[in-house]
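K.L.:
Sharing a structure here in structure tokens format.
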Amino acid sequence: MKEFLDTALNTATANGADYADIRISRHKNQSIRTRENRIQGISNSESYGFGVRVLVDGTWGFAASHRLTKNNVANITMRAMEIARANRVVQRIPIHLAEVESYEAQWNSPIKKDPFEVSINEKIDLLLTVNAEALKIKGAKYCSSSMLFMNEEKHFASTEGSVIHQNLHRAFPSFTVTAIDSERGEFETRTVDVLPMGLGYEYVEQSNLVEQAPKMAEEAVRKLTAKSVEPGPKDLILHPSHLWLTIHESVGHPTELDRALGYEANYAGTSFLTVDKMGKLKFGSDIVNFIADKTITGGLATCGYDDDGVKTTEWHLVKDGIFIDYQTTRDQVHWEKYQAARKSAGLPEVNRSYGCSYGDSWSSIPFQRMPNIHLEPGKDTLTLDDLIADTKDGIYIVGDASYSIDQQRYNFQFSGQAFFEIKNGKIVGMLKDVAYQANTQEFWNSCDAICDERSWELGGTYYDGKGQPGQSNAVSHGCSPARFRNVNILNTQKQI
Amino acid sequence: MILSESESRRIIERTLSFSSADEIRVNLSGGRSGNTRFALNSITTSGDEDTLNVRVLAYFGKQHATASGTEFTDDALQKIVHTAEEAALFAPEDPEYVPELQPQVYLPITPYFSSTAAATPELRAKGVQSSIEPSINKDLISAGFFSNRHGFSAVGNNHNLFGYYQSTNASFSVTTRTQDGLGSGWGSDSARNIDLVDYQAASVRALEKAEASSSSKTLEPGTYPVILEPQAVSDFMRFGSYALNARTADEGRSFFSKAGGGNKTGEKVAGDNVTMRSDPTHPELLGSPFGGDGQPAKKNIWIKNGVLTQLYYGRYWAKKQGKEPTGYPSNIIIEGEQGTLDELISNTDRAVLVTRFWYIRFVDPQSLLLTGLTRDGTFWVENGRIKHAIKNFRFNESPMAVFNKITGMSEPVRVGGSMVPAIRASEFTFSSLSDAV
């Protein structure tokens, strides 16, 4: 391994690169998909290769290949140099890299049971049992279930002296039940509230999928005859299995510094959180605190070092309701507008990256990707039951479903898996056809209660898309159930 | 990495020779891609990737599993075959098993152009330069992406099926914004042949839209007549094509399911002026000659004069229902009418004009209700001309509802992998305003 790492760095340095790094990585994925009593597919995939990134006169160049030989590493490094040199003529904003320590390090996801070592038979048995248990419920017609496992092993080395080896694991079991009313030509689905985690097979075993199957099936069936929601303003109580996605879209994306400064304008968009709002904007109510981190156990974005070789950490994005910072990489920290805005707002100087660089494959250019971002639990003692009991006219939403938000992250619309009507402190039944629309800042300022740390949970996604060409990032978001006052509820039923 | 037809055949045969499975299919794919990104009128990142992948699907009777990898030594290929076979032996029998295909005849499609295959970082940088310069001259800010790819795909199995083709694709897109952040425009072009990618015209379009949209007025949310530009039609209507699956319809979980059972084939689902089809041989689109399982790509008419004529049938469901497999929709072509977008606008009394949509998601698969937002240029049309820019909207609307309310169309134009017209519809529901620009 060392000879390949050295070849890239030595070739780049000898040919005039100001900086170079190489990632050699192996990505293993296993997917098992079933429906009802049969297997739809069992797939094991592996992808192995390397990518070399060089900085020449302030311009990035990157090239990657699946052929890991010493000669090809040198050739690909030279190709990255050629690309950087071809682009110098259109480079008007030279790249500068923030300082970083050099590390010789090893980091592994803290898994207890390697999913790739568990027999396929055991996994299939579990999934088919889930389907069978769900289909025992009258009215449940279909059940699809799956397990996805990921292992990313990568070696990183840079001309700044770092040599880092990391072994990351992620696991995602899930199932969806469909109930059909064939007479009326209607159907409803319910997906279990089990979300991906940066853990091993022990997470599958702890998820109680079989025990949850009948409950999910019953809820799918109940949705068919549930009351269609009355639109208008209502109080919402959002469970962590739902709220994680609202956090992801309305807090995670607008606090990406590249978006805020226009670097993602052509695809993902920009951000309403422009740098002049740092340290000033009342993003949420006083009880709203968002912390970014890449260190929490089980977090999907958790790792020891990012793809710039920066040691991971945690920091506040929103403190006591005020927006105070962004997610950054080494090539962003020096950006003048960011530094000037921090100074103007009287915020402390930042001269180090927060470690948010990630490339989703050896063939992908690393760039700024979202860390885990969490809503801190409420400081006062408060359970979900207390919160429901304290709500007069509201809806309790569980699970994530339809989601959409504009390119500057002002206006969003979310739906969910299950909706429960609250009247005078009690759940009185299920609702359907529910979605809510809100403005990000108004929504987070309407948050008047957050349950305490006892009900704090991680949610997340394998598939956060960003960049051109598109890359996928796995990221977690933790929170406790929280209440939002007077949110605009839509009825989504449509006759054609 | 591009493998020739003979190299592909050799590796497929080599891989097949390592297998003891009853049936085995090998897919090879790879290529070389280059891309250049820019933002704030300056190049940001640029890369080049060289990939090669092998995928093996092994069967023992009705048990099956797949494995894939990127290494091609004999040891590595044997390991991939072994991984697929071992997993297949653990799998229960699949009651939906269909045998692997026998040799097939493919449509003579060559979606390859040497100009695209030969494109260099210098050529892309030149394109970026020509996009950035007018933006700088007008004190505007541009961000965009220019990419090209040359790839190949091969499939073979132990029934002597074999298929091989090379393909190319090039794509350019740019977003131009005003310095005050109040105007935004977008333009794009893509083609199999990079020489046809008109990045300068796309850049001019983005620049003009940015300037024209910079002083927008507020139009209250509601239901309005609408003109969807071809990009907006492609963004929106493709969600309708996702529902064309016959099995989902027959199982009662689709817009095309019929109350009481079965599907809506033969029923009127759209206005008389709607015809939607797929044609992998269309000269402007040039699809792939076969799918991953080796099935030939086919021409299909999905909706003709408003009547649902065909749903998509995979091999298992086709056999079960006594139908012919259709092949997956290789592209979407919506027949239009005569005339240009400008002519459509000039014949319109009043309408919201939408450049494109963003973040479209299903809200209700039953009615195909979608939500999403307008982006990069939304305008109010009155008495045959664009009167002024308006603020962006969120919509909650169904493509099938719009398909029933079309009052005019332009001739179709190429948008990515589709040929679609601009469409004018009598009603479109915008549910709220967005402050986003």
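Labels used: A, B, ... for chains in the order of the structure tokens, numbers from 1 for residues in each chain, and numbers from 1 for ligands as shown.
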Compile the contact shell of Asp189 of chain B as a PyMOL selection string: residues with an atom at most 6 Å away, counting only C-alpha atoms, same-chain residues fewer than 4 positions apart removed.
P.N.:
chain B and resi 171-172+197
K.L.:
Take the residues just selected and output them with C-alpha atoms as a PDB file, in the first residue's frame.
P.N.:
ATOM      1  CA  SER B 171     -23.793  17.796 -21.003  1.00  0.00           C
ATOM      2  CA  PHE B 172     -23.527  21.479 -20.137  1.00  0.00           C
ATOM      3  CA  VAL B 197     -23.926  20.854 -27.261  1.00  0.00           C
TER       4      VAL B 197
END
K.L.:
Can you list, as a count of residues only, all residues belonging to segment 341-414 of chain B that DSSP tags as alpha helix (DSSP H)?
P.N.:
11
K.L.:
Name the closest residue to Glu13 of chain B among the candidates B:Gly47, B:Gly156, B:Gly314, B:Gly291; distances are taken between atoms, counting only C-alpha atoms.
P.N.:
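Checking each candidate against Glu13 of chain B, we get B:Gly156 as the closest.
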K.L.:
Hey, what's within 7 Å of Thr440 of chain A if we count only C-alpha atoms and toss same-chain stuff fewer than 4 positions away? As a list in words, please?
P.N.:
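The neighbour list is Ser250, Arg409, Tyr410, Asn411 and Trp444 of chain A.
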K.L.:
Using only all heavy atoms, please write the residues we just selected to a file, as a tab-separated table (two decimals), in the first residue's frame.
P.N.:
chain	number	residue	atom	x	y	z
A	250	SER	N	-33.83	21.67	6.38
A	250	SER	CA	-34.00	23.09	6.70
A	250	SER	C	-32.85	23.66	7.54
A	250	SER	O	-32.73	24.87	7.68
A	250	SER	CB	-35.33	23.32	7.42
A	250	SER	OG	-35.32	22.75	8.71
A	409	ARG	N	-33.80	27.18	0.63
A	409	ARG	CA	-34.20	26.56	1.90
A	409	ARG	C	-35.11	27.44	2.75
A	409	ARG	O	-35.00	27.47	3.98
A	409	ARG	CB	-32.95	26.13	2.69
A	409	ARG	CG	-32.03	25.25	1.87
A	409	ARG	CD	-32.46	23.83	1.85
A	409	ARG	NE	-32.12	23.18	0.59
A	409	ARG	CZ	-32.26	21.88	0.38
A	409	ARG	NH1	-32.71	21.10	1.32
A	409	ARG	NH2	-31.97	21.36	-0.78
A	410	TYR	N	-35.97	28.21	2.08
A	410	TYR	CA	-36.98	28.98	2.80
A	410	TYR	C	-38.26	28.15	3.01
A	410	TYR	O	-38.75	28.02	4.12
A	410	TYR	CB	-37.43	30.19	1.96
A	410	TYR	CG	-36.50	31.35	1.85
A	410	TYR	CD1	-35.79	31.60	0.68
A	410	TYR	CD2	-36.39	32.27	2.90
A	410	TYR	CE1	-34.98	32.70	0.55
A	410	TYR	CE2	-35.59	33.39	2.76
A	410	TYR	CZ	-34.88	33.60	1.59
A	410	TYR	OH	-34.08	34.69	1.47
A	411	ASN	N	-38.82	27.66	1.88
A	411	ASN	CA	-40.16	27.10	1.86
A	411	ASN	C	-40.09	25.59	1.77
A	411	ASN	O	-39.50	25.05	0.84
A	411	ASN	CB	-40.90	27.68	0.63
A	411	ASN	CG	-42.25	27.03	0.38
A	411	ASN	OD1	-42.39	25.82	0.37
A	411	ASN	ND2	-43.27	27.86	0.18
A	444	TRP	N	-38.86	27.21	12.90
A	444	TRP	CA	-38.00	26.95	14.06
A	444	TRP	C	-38.24	27.96	15.17
A	444	TRP	O	-38.00	27.66	16.34
A	444	TRP	CB	-36.52	26.90	13.64
A	444	TRP	CG	-36.24	25.63	12.89
A	444	TRP	CD1	-36.02	25.47	11.57
A	444	TRP	CD2	-36.22	24.30	13.46
A	444	TRP	NE1	-35.86	24.13	11.25
A	444	TRP	CE2	-35.97	23.40	12.39
A	444	TRP	CE3	-36.38	23.79	14.75
A	444	TRP	CZ2	-35.89	22.02	12.60
A	444	TRP	CZ3	-36.29	22.41	14.95
A	444	TRP	CH2	-36.04	21.55	13.88
K.L.:
Of the residues B:Gly69, B:Gly294, B:Tyr313, B:Pro412, which is the one nearest to His27 of chain A, using only C-alpha atoms?
P.N.:
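Distance minimum relative to His27 of chain A lands on B:Gly69.
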K.L.:
Could you write out as JSON, numbers by chain the residues of chain B within 7 Å of chain A, counting only C-alpha atoms?
P.N.:
{"B": [39, 40, 42, 43, 45, 46, 47, 48, 49, 50, 51, 52, 65, 66, 67, 68, 69, 70, 87, 90, 92, 94, 121, 122, 125, 129, 143, 144, 145, 174, 175, 252, 253, 257, 258, 259, 260, 261, 359, 360, 361, 362, 363, 367, 371, 372, 373, 401, 434, 435, 436]}
K.L.:
List as a PyMOL selection string the protein and nucleic acid residues near Tyr165 of chain B, meaning an atom at most 8 Å away when only C-alpha atoms are counted, but skip any in the same chain fewer than 4 places from it.
P.N.:
chain B and resi 5+110+152-154+288-289
K.L.:
So which residues touch segment 320-325 of chain B within 12 Å, counting only C-alpha atoms, skipping near sequence neighbours fewer than 2 positions away, as a list in words?
P.N.:
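Residues near the query, excluding close chain neighbours: Pro95, Glu96, Tyr97, Val98, Asn245, Ala246, Arg247, Asp250, Gly262, Asn263, Gln295, Pro296, Ala297, Lys298, Lys299, Asn300, Gln310, Leu311, Tyr312, Tyr313, Gly314, Arg315, Tyr316, Trp317, Ala318, Gly327, Tyr328 and Pro329 of chain B.
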K.L.:
Using only N, CA, C and O atoms, please write the residues we just selected to a file, as a compact mmCIF listing (two decimals), in the first residue's frame.
P.N.:
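Ended up saving to result-v8.txt:
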# COMPACT_ATOMS: atom_id res chain seq x y z
N PRO B 95 -40.21 -17.95 -6.79
CA PRO B 95 -41.36 -18.38 -7.58
C PRO B 95 -41.56 -17.52 -8.83
O PRO B 95 -42.32 -17.89 -9.71
N GLU B 96 -40.85 -16.41 -8.90
CA GLU B 96 -40.98 -15.54 -10.07
C GLU B 96 -39.82 -15.72 -11.06
O GLU B 96 -39.57 -14.87 -11.91
N TYR B 97 -39.12 -16.82 -10.90
CA TYR B 97 -37.98 -17.10 -11.78
C TYR B 97 -38.41 -17.14 -13.25
O TYR B 97 -39.42 -17.74 -13.60
N VAL B 98 -37.62 -16.49 -14.10
CA VAL B 98 -37.76 -16.69 -15.55
C VAL B 98 -36.36 -17.04 -16.09
O VAL B 98 -35.37 -16.50 -15.61
N ASN B 245 -45.81 1.17 -14.73
CA ASN B 245 -45.54 -0.24 -14.44
C ASN B 245 -46.84 -1.05 -14.34
O ASN B 245 -47.71 -0.75 -13.52
N ALA B 246 -46.96 -2.06 -15.19
CA ALA B 246 -48.20 -2.84 -15.25
C ALA B 246 -48.44 -3.61 -13.94
O ALA B 246 -49.56 -3.70 -13.46
N ARG B 247 -47.36 -4.14 -13.37
CA ARG B 247 -47.54 -4.95 -12.18
C ARG B 247 -48.10 -4.11 -11.04
O ARG B 247 -49.03 -4.53 -10.34
N ASP B 250 -51.68 -3.49 -11.72
CA ASP B 250 -52.51 -4.69 -11.51
C ASP B 250 -52.65 -5.02 -10.04
O ASP B 250 -53.65 -5.61 -9.62
N GLY B 262 -57.51 -4.95 -11.78
CA GLY B 262 -56.99 -4.74 -13.14
C GLY B 262 -56.42 -3.35 -13.31
O GLY B 262 -56.25 -2.60 -12.34
N ASN B 263 -56.11 -3.01 -14.56
CA ASN B 263 -55.54 -1.69 -14.82
C ASN B 263 -56.35 -0.94 -15.88
O ASN B 263 -57.31 -1.47 -16.43
N GLN B 295 -32.44 -7.79 -22.62
CA GLN B 295 -33.67 -7.60 -23.39
C GLN B 295 -33.50 -6.47 -24.39
O GLN B 295 -33.01 -5.39 -24.03
N PRO B 296 -33.96 -6.67 -25.63
CA PRO B 296 -33.85 -5.59 -26.62
C PRO B 296 -34.69 -4.39 -26.22
O PRO B 296 -35.80 -4.54 -25.71
N ALA B 297 -34.16 -3.20 -26.46
CA ALA B 297 -34.96 -1.98 -26.29
C ALA B 297 -36.02 -1.97 -27.40
O ALA B 297 -35.77 -2.44 -28.51
N LYS B 298 -37.20 -1.44 -27.06
CA LYS B 298 -38.30 -1.47 -28.02
C LYS B 298 -38.95 -0.11 -28.14
O LYS B 298 -38.84 0.72 -27.23
N LYS B 299 -39.66 0.05 -29.27
CA LYS B 299 -40.50 1.23 -29.41
C LYS B 299 -41.86 0.91 -28.78
O LYS B 299 -42.39 -0.17 -28.98
N ASN B 300 -42.38 1.84 -27.99
CA ASN B 300 -43.68 1.63 -27.35
C ASN B 300 -44.49 2.92 -27.39
O ASN B 300 -43.93 4.01 -27.23
N GLN B 310 -50.65 1.12 -23.40
CA GLN B 310 -49.63 0.14 -23.04
C GLN B 310 -49.06 0.49 -21.68
O GLN B 310 -48.82 1.66 -21.39
N LEU B 311 -48.83 -0.52 -20.84
CA LEU B 311 -48.05 -0.33 -19.63
C LEU B 311 -46.75 -1.12 -19.77
O LEU B 311 -46.64 -2.00 -20.63
N TYR B 312 -45.80 -0.82 -18.91
CA TYR B 312 -44.51 -1.51 -18.96
C TYR B 312 -44.62 -2.89 -18.32
O TYR B 312 -45.08 -3.01 -17.18
N TYR B 313 -44.22 -3.93 -19.04
CA TYR B 313 -44.23 -5.30 -18.53
C TYR B 313 -42.81 -5.86 -18.48
O TYR B 313 -42.14 -5.95 -19.51
N GLY B 314 -42.36 -6.22 -17.28
CA GLY B 314 -41.12 -6.99 -17.16
C GLY B 314 -41.39 -8.42 -17.60
O GLY B 314 -42.53 -8.81 -17.88
N ARG B 315 -40.36 -9.24 -17.66
CA ARG B 315 -40.51 -10.59 -18.23
C ARG B 315 -41.43 -11.48 -17.40
O ARG B 315 -42.25 -12.20 -17.93
N TYR B 316 -41.29 -11.42 -16.06
CA TYR B 316 -42.12 -12.29 -15.22
C TYR B 316 -43.60 -11.90 -15.31
O TYR B 316 -44.46 -12.73 -15.54
N TRP B 317 -43.87 -10.61 -15.16
CA TRP B 317 -45.27 -10.17 -15.13
C TRP B 317 -45.92 -10.35 -16.51
O TRP B 317 -47.10 -10.71 -16.61
N ALA B 318 -45.14 -10.16 -17.56
CA ALA B 318 -45.67 -10.38 -18.91
C ALA B 318 -46.09 -11.84 -19.08
O ALA B 318 -47.17 -12.14 -19.58
N GLY B 327 -39.87 -4.15 -22.47
CA GLY B 327 -38.63 -3.39 -22.26
C GLY B 327 -38.99 -2.13 -21.47
O GLY B 327 -40.12 -1.62 -21.60
N TYR B 328 -38.07 -1.66 -20.65
CA TYR B 328 -38.33 -0.46 -19.84
C TYR B 328 -38.36 0.76 -20.76
O TYR B 328 -37.66 0.77 -21.77
N PRO B 329 -39.16 1.80 -20.44
CA PRO B 329 -39.17 3.00 -21.30
C PRO B 329 -37.75 3.54 -21.51
O PRO B 329 -37.10 3.95 -20.55
K.L.:
With only C-alpha atoms as the counted atoms, please give the residues lying no more than 12 Å from Glu205 of chain A, apart from itself and same-chain residues fewer than 4 positions off, as number ranges by chain.
P.N.:
A: 112-113, 115, 118, 122-123, 126-127, 147, 171-173, 194, 199-201, 209-211
K.L.:
Next, write the just-selected residues to a file, as a short mmCIF file (atom, residue, chain, number, x, y, z; two decimals), in the first residue's frame, keeping all heavy atoms as the atom set.
P.N.:
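Produced file out.cif, reproduced below:
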data_model
loop_
_atom_site.label_atom_id
_atom_site.label_comp_id
_atom_site.auth_asym_id
_atom_site.auth_seq_id
_atom_site.Cartn_x
_atom_site.Cartn_y
_atom_site.Cartn_z
N LYS A 112 -20.03 -4.09 16.66
CA LYS A 112 -19.88 -5.28 17.50
C LYS A 112 -19.97 -6.54 16.67
O LYS A 112 -19.47 -7.59 17.05
CB LYS A 112 -20.96 -5.29 18.58
CG LYS A 112 -20.76 -4.14 19.57
CD LYS A 112 -21.81 -4.14 20.66
CE LYS A 112 -21.51 -3.01 21.64
NZ LYS A 112 -22.69 -2.39 22.15
N LYS A 113 -20.69 -6.47 15.54
CA LYS A 113 -20.89 -7.67 14.71
C LYS A 113 -20.80 -7.26 13.25
O LYS A 113 -21.63 -6.48 12.78
CB LYS A 113 -22.27 -8.24 15.04
CG LYS A 113 -22.47 -9.68 14.68
CD LYS A 113 -23.74 -10.20 15.37
CE LYS A 113 -23.99 -11.65 15.05
NZ LYS A 113 -25.18 -12.16 15.73
N PRO A 115 -21.50 -7.12 9.65
CA PRO A 115 -22.64 -7.63 8.86
C PRO A 115 -22.20 -8.55 7.74
O PRO A 115 -22.96 -9.44 7.34
CB PRO A 115 -23.25 -6.35 8.27
CG PRO A 115 -22.76 -5.24 9.09
CD PRO A 115 -21.42 -5.65 9.62
N VAL A 118 -22.10 -12.19 8.85
CA VAL A 118 -23.36 -12.88 9.23
C VAL A 118 -23.89 -13.59 7.99
O VAL A 118 -23.87 -13.04 6.89
CB VAL A 118 -24.39 -11.85 9.74
CG1 VAL A 118 -25.73 -12.52 10.03
CG2 VAL A 118 -23.85 -11.14 10.97
N GLU A 122 -29.38 -16.30 7.54
CA GLU A 122 -29.96 -15.68 8.75
C GLU A 122 -30.70 -14.40 8.39
O GLU A 122 -31.79 -14.12 8.89
CB GLU A 122 -28.82 -15.39 9.74
CG GLU A 122 -29.30 -14.79 11.05
CD GLU A 122 -28.16 -14.53 12.03
OE1 GLU A 122 -27.13 -15.24 11.95
OE2 GLU A 122 -28.32 -13.62 12.87
N LYS A 123 -30.11 -13.64 7.47
CA LYS A 123 -30.73 -12.36 7.08
C LYS A 123 -32.03 -12.61 6.32
O LYS A 123 -33.04 -11.94 6.55
CB LYS A 123 -29.74 -11.56 6.21
CG LYS A 123 -28.49 -11.14 6.97
CD LYS A 123 -27.41 -10.68 6.00
CE LYS A 123 -26.11 -10.35 6.72
NZ LYS A 123 -24.96 -10.25 5.83
N LEU A 126 -34.84 -13.66 8.62
CA LEU A 126 -35.40 -12.54 9.38
C LEU A 126 -36.36 -11.72 8.51
O LEU A 126 -37.48 -11.40 8.92
CB LEU A 126 -34.26 -11.66 9.90
CG LEU A 126 -34.68 -10.38 10.63
CD1 LEU A 126 -35.58 -10.69 11.81
CD2 LEU A 126 -33.45 -9.61 11.12
N LEU A 127 -35.94 -11.43 7.28
CA LEU A 127 -36.78 -10.59 6.41
C LEU A 127 -38.08 -11.31 6.04
O LEU A 127 -39.16 -10.71 6.05
CB LEU A 127 -36.01 -10.21 5.14
CG LEU A 127 -34.81 -9.28 5.37
CD1 LEU A 127 -34.07 -9.04 4.05
CD2 LEU A 127 -35.24 -7.94 5.95
N MET A 147 -32.37 -5.34 3.64
CA MET A 147 -31.21 -4.99 4.48
C MET A 147 -30.11 -4.50 3.55
O MET A 147 -29.84 -5.14 2.53
CB MET A 147 -30.66 -6.21 5.21
CG MET A 147 -31.52 -6.70 6.34
SD MET A 147 -30.64 -8.02 7.20
CE MET A 147 -32.00 -8.81 8.02
N ALA A 171 -25.36 0.29 8.41
CA ALA A 171 -26.38 -0.77 8.30
C ALA A 171 -27.76 -0.14 8.19
O ALA A 171 -28.04 0.85 8.87
CB ALA A 171 -26.32 -1.67 9.54
N PHE A 172 -28.62 -0.74 7.36
CA PHE A 172 -29.95 -0.17 7.14
C PHE A 172 -30.97 -1.28 6.86
O PHE A 172 -31.15 -1.71 5.73
CB PHE A 172 -29.90 0.79 5.95
CG PHE A 172 -31.20 1.53 5.69
CD1 PHE A 172 -32.20 1.61 6.62
CD2 PHE A 172 -31.40 2.18 4.48
CE1 PHE A 172 -33.38 2.30 6.38
CE2 PHE A 172 -32.57 2.89 4.21
CZ PHE A 172 -33.57 2.94 5.17
N PRO A 173 -31.64 -1.77 7.91
CA PRO A 173 -32.76 -2.70 7.70
C PRO A 173 -34.06 -1.90 7.58
O PRO A 173 -34.22 -0.86 8.22
CB PRO A 173 -32.75 -3.52 8.99
CG PRO A 173 -32.21 -2.59 10.03
CD PRO A 173 -31.34 -1.57 9.34
N VAL A 194 -37.37 2.57 11.28
CA VAL A 194 -35.99 2.14 11.56
C VAL A 194 -35.12 2.77 10.48
O VAL A 194 -35.33 2.53 9.30
CB VAL A 194 -35.86 0.60 11.52
CG1 VAL A 194 -34.40 0.19 11.64
CG2 VAL A 194 -36.68 -0.01 12.65
N LEU A 199 -23.46 1.56 12.31
CA LEU A 199 -23.23 0.46 13.23
C LEU A 199 -23.15 -0.86 12.45
O LEU A 199 -23.29 -0.86 11.23
CB LEU A 199 -24.37 0.38 14.26
CG LEU A 199 -24.50 1.57 15.21
CD1 LEU A 199 -25.78 1.48 16.01
CD2 LEU A 199 -23.29 1.63 16.16
N GLY A 200 -22.97 -1.95 13.16
CA GLY A 200 -22.88 -3.25 12.53
C GLY A 200 -24.19 -4.00 12.61
O GLY A 200 -25.26 -3.42 12.81
N TYR A 201 -24.10 -5.36 12.50
CA TYR A 201 -25.32 -6.17 12.47
C TYR A 201 -26.08 -6.12 13.78
O TYR A 201 -27.28 -6.38 13.83
CB TYR A 201 -24.98 -7.62 12.11
CG TYR A 201 -26.19 -8.40 11.66
CD1 TYR A 201 -26.71 -8.22 10.38
CD2 TYR A 201 -26.85 -9.28 12.52
CE1 TYR A 201 -27.84 -8.89 9.96
CE2 TYR A 201 -27.98 -9.97 12.12
CZ TYR A 201 -28.47 -9.77 10.84
OH TYR A 201 -29.60 -10.44 10.41
N LEU A 209 -37.48 -5.87 14.33
CA LEU A 209 -38.27 -5.77 13.10
C LEU A 209 -39.49 -6.68 13.14
O LEU A 209 -40.59 -6.28 12.75
CB LEU A 209 -37.40 -6.13 11.89
CG LEU A 209 -36.20 -5.21 11.64
CD1 LEU A 209 -35.32 -5.79 10.52
CD2 LEU A 209 -36.64 -3.81 11.26
N VAL A 210 -39.30 -7.91 13.62
CA VAL A 210 -40.41 -8.87 13.63
C VAL A 210 -41.52 -8.37 14.55
O VAL A 210 -42.70 -8.41 14.21
CB VAL A 210 -39.91 -10.26 14.07
CG1 VAL A 210 -41.07 -11.23 14.23
CG2 VAL A 210 -38.90 -10.81 13.06
N GLU A 211 -41.12 -7.86 15.70
CA GLU A 211 -42.12 -7.37 16.66
C GLU A 211 -42.87 -6.16 16.10
O GLU A 211 -44.04 -5.95 16.40
CB GLU A 211 -41.45 -6.98 17.98
CG GLU A 211 -40.90 -8.16 18.79
CD GLU A 211 -39.59 -8.72 18.22
OE1 GLU A 211 -39.03 -8.15 17.25
OE2 GLU A 211 -39.14 -9.77 18.72
#
K.L.:
Quick one: contact table of segment 345-439 of chain A to segment 482-485 of chain A, 9 Å max, nearest atom pair and distance in Å to one decimal per residue, counting only C-alpha atoms, chain and number order, as CSV?
P.N.:
residue,atom,partner,partner_atom,distance
A:Gly378,CA,A:Ala482,CA,8.8
A:Leu384,CA,A:Ala482,CA,8.3
A:Leu387,CA,A:Arg483,CA,7.6
A:Thr391,CA,A:Arg483,CA,8.9
A:Gly394,CA,A:Arg485,CA,8.7
A:Tyr396,CA,A:Arg483,CA,9.0
K.L.:
Now that the selection is made, can you save its residues with N, CA, C and O atoms as a short mmCIF file (atom, residue, chain, number, x, y, z; two decimals), in the first residue's frame?
P.N.:
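Saved the output as again-v2.cif:
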data_model
loop_
_atom_site.label_atom_id
_atom_site.label_comp_id
_atom_site.auth_asym_id
_atom_site.auth_seq_id
_atom_site.Cartn_x
_atom_site.Cartn_y
_atom_site.Cartn_z
N GLY A 378 -34.19 19.21 25.07
CA GLY A 378 -34.64 20.26 25.96
C GLY A 378 -33.99 20.14 27.33
O GLY A 378 -33.67 19.03 27.78
N LEU A 384 -42.58 12.66 25.89
CA LEU A 384 -43.53 12.76 24.79
C LEU A 384 -44.96 12.76 25.34
O LEU A 384 -45.81 13.54 24.87
N LEU A 387 -45.87 16.07 26.59
CA LEU A 387 -46.05 17.04 25.51
C LEU A 387 -47.43 16.87 24.86
O LEU A 387 -48.13 17.86 24.59
N THR A 391 -51.08 19.51 24.82
CA THR A 391 -51.45 20.05 23.50
C THR A 391 -52.97 19.93 23.30
O THR A 391 -53.53 18.84 23.43
N GLY A 394 -53.89 19.40 17.94
CA GLY A 394 -52.65 19.22 17.19
C GLY A 394 -52.59 17.89 16.45
O GLY A 394 -53.54 17.10 16.46
N TYR A 396 -49.77 14.65 15.81
CA TYR A 396 -48.49 14.00 16.14
C TYR A 396 -48.07 13.20 14.91
O TYR A 396 -48.83 12.36 14.43
#
K.L.:
Calculate how many Å separate atom CA of Ser480 of chain A from atom CA of Pro240 of chain A, rounding to one decimal.
P.N.:
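Here the two named atoms are 5.7 Å from each other.
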K.L.:
Name the residues of segment 272-343 of chain A that fall into strand (DSSP E or B) according to DSSP on the backbone, using the chain letters and numbers of this document, as a VMD selection string.
P.N.:
chain A and resid 282 290 to 293 305 311 314 to 319 322 to 323 327
K.L.:
Set the distance at 7 Å and use only C-alpha atoms: which residues neighbour Thr191 of chain A once local chain neighbours fewer than 2 positions away are removed? I'd like the list as number ranges by chain.
P.N.:
A: 175-177, 189, 193, 417
K.L.:
Between atom CA of Ile111 of chain A and atom CA of Thr297 of chain A, what is the distance in Å, rounded to a tenth?
P.N.:
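Computing it gives 9.6 Å between the two atoms.
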K.L.:
Name the closest residue to Val128 of chain B among the candidates B:Arg177, B:Arg37, B:Lys217, B:His159; distances are taken between atoms, counting only C-alpha atoms.
P.N.:
B:Arg37
K.L.:
Using atom CA of Ser144 of chain A and atom CA of Gln212 of chain A as the two end points, give the distance in Å to one decimal.
P.N.:
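Straight-line distance from atom CA of Ser144 of chain A to atom CA of Gln212 of chain A works out to 13.8 Å.
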K.L.:
Smallest atom-to-atom distance to Leu273 of chain A: which of A:Asp331, A:Asp306, A:Asp390, A:Val318, using only C-alpha atoms?
P.N.:
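Comparing A:Asp331, A:Asp306, A:Asp390, A:Val318 against Leu273 of chain A, the winner is A:Val318.
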K.L.:
With only C-alpha atoms as the basis for distance, which of A:Val350, A:Val56, A:Leu5, A:Leu236 is at the shortest distance from Lys423 of chain A?
P.N.:
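Looking at the shortest contact to Lys423 of chain A, the residue is A:Leu236.
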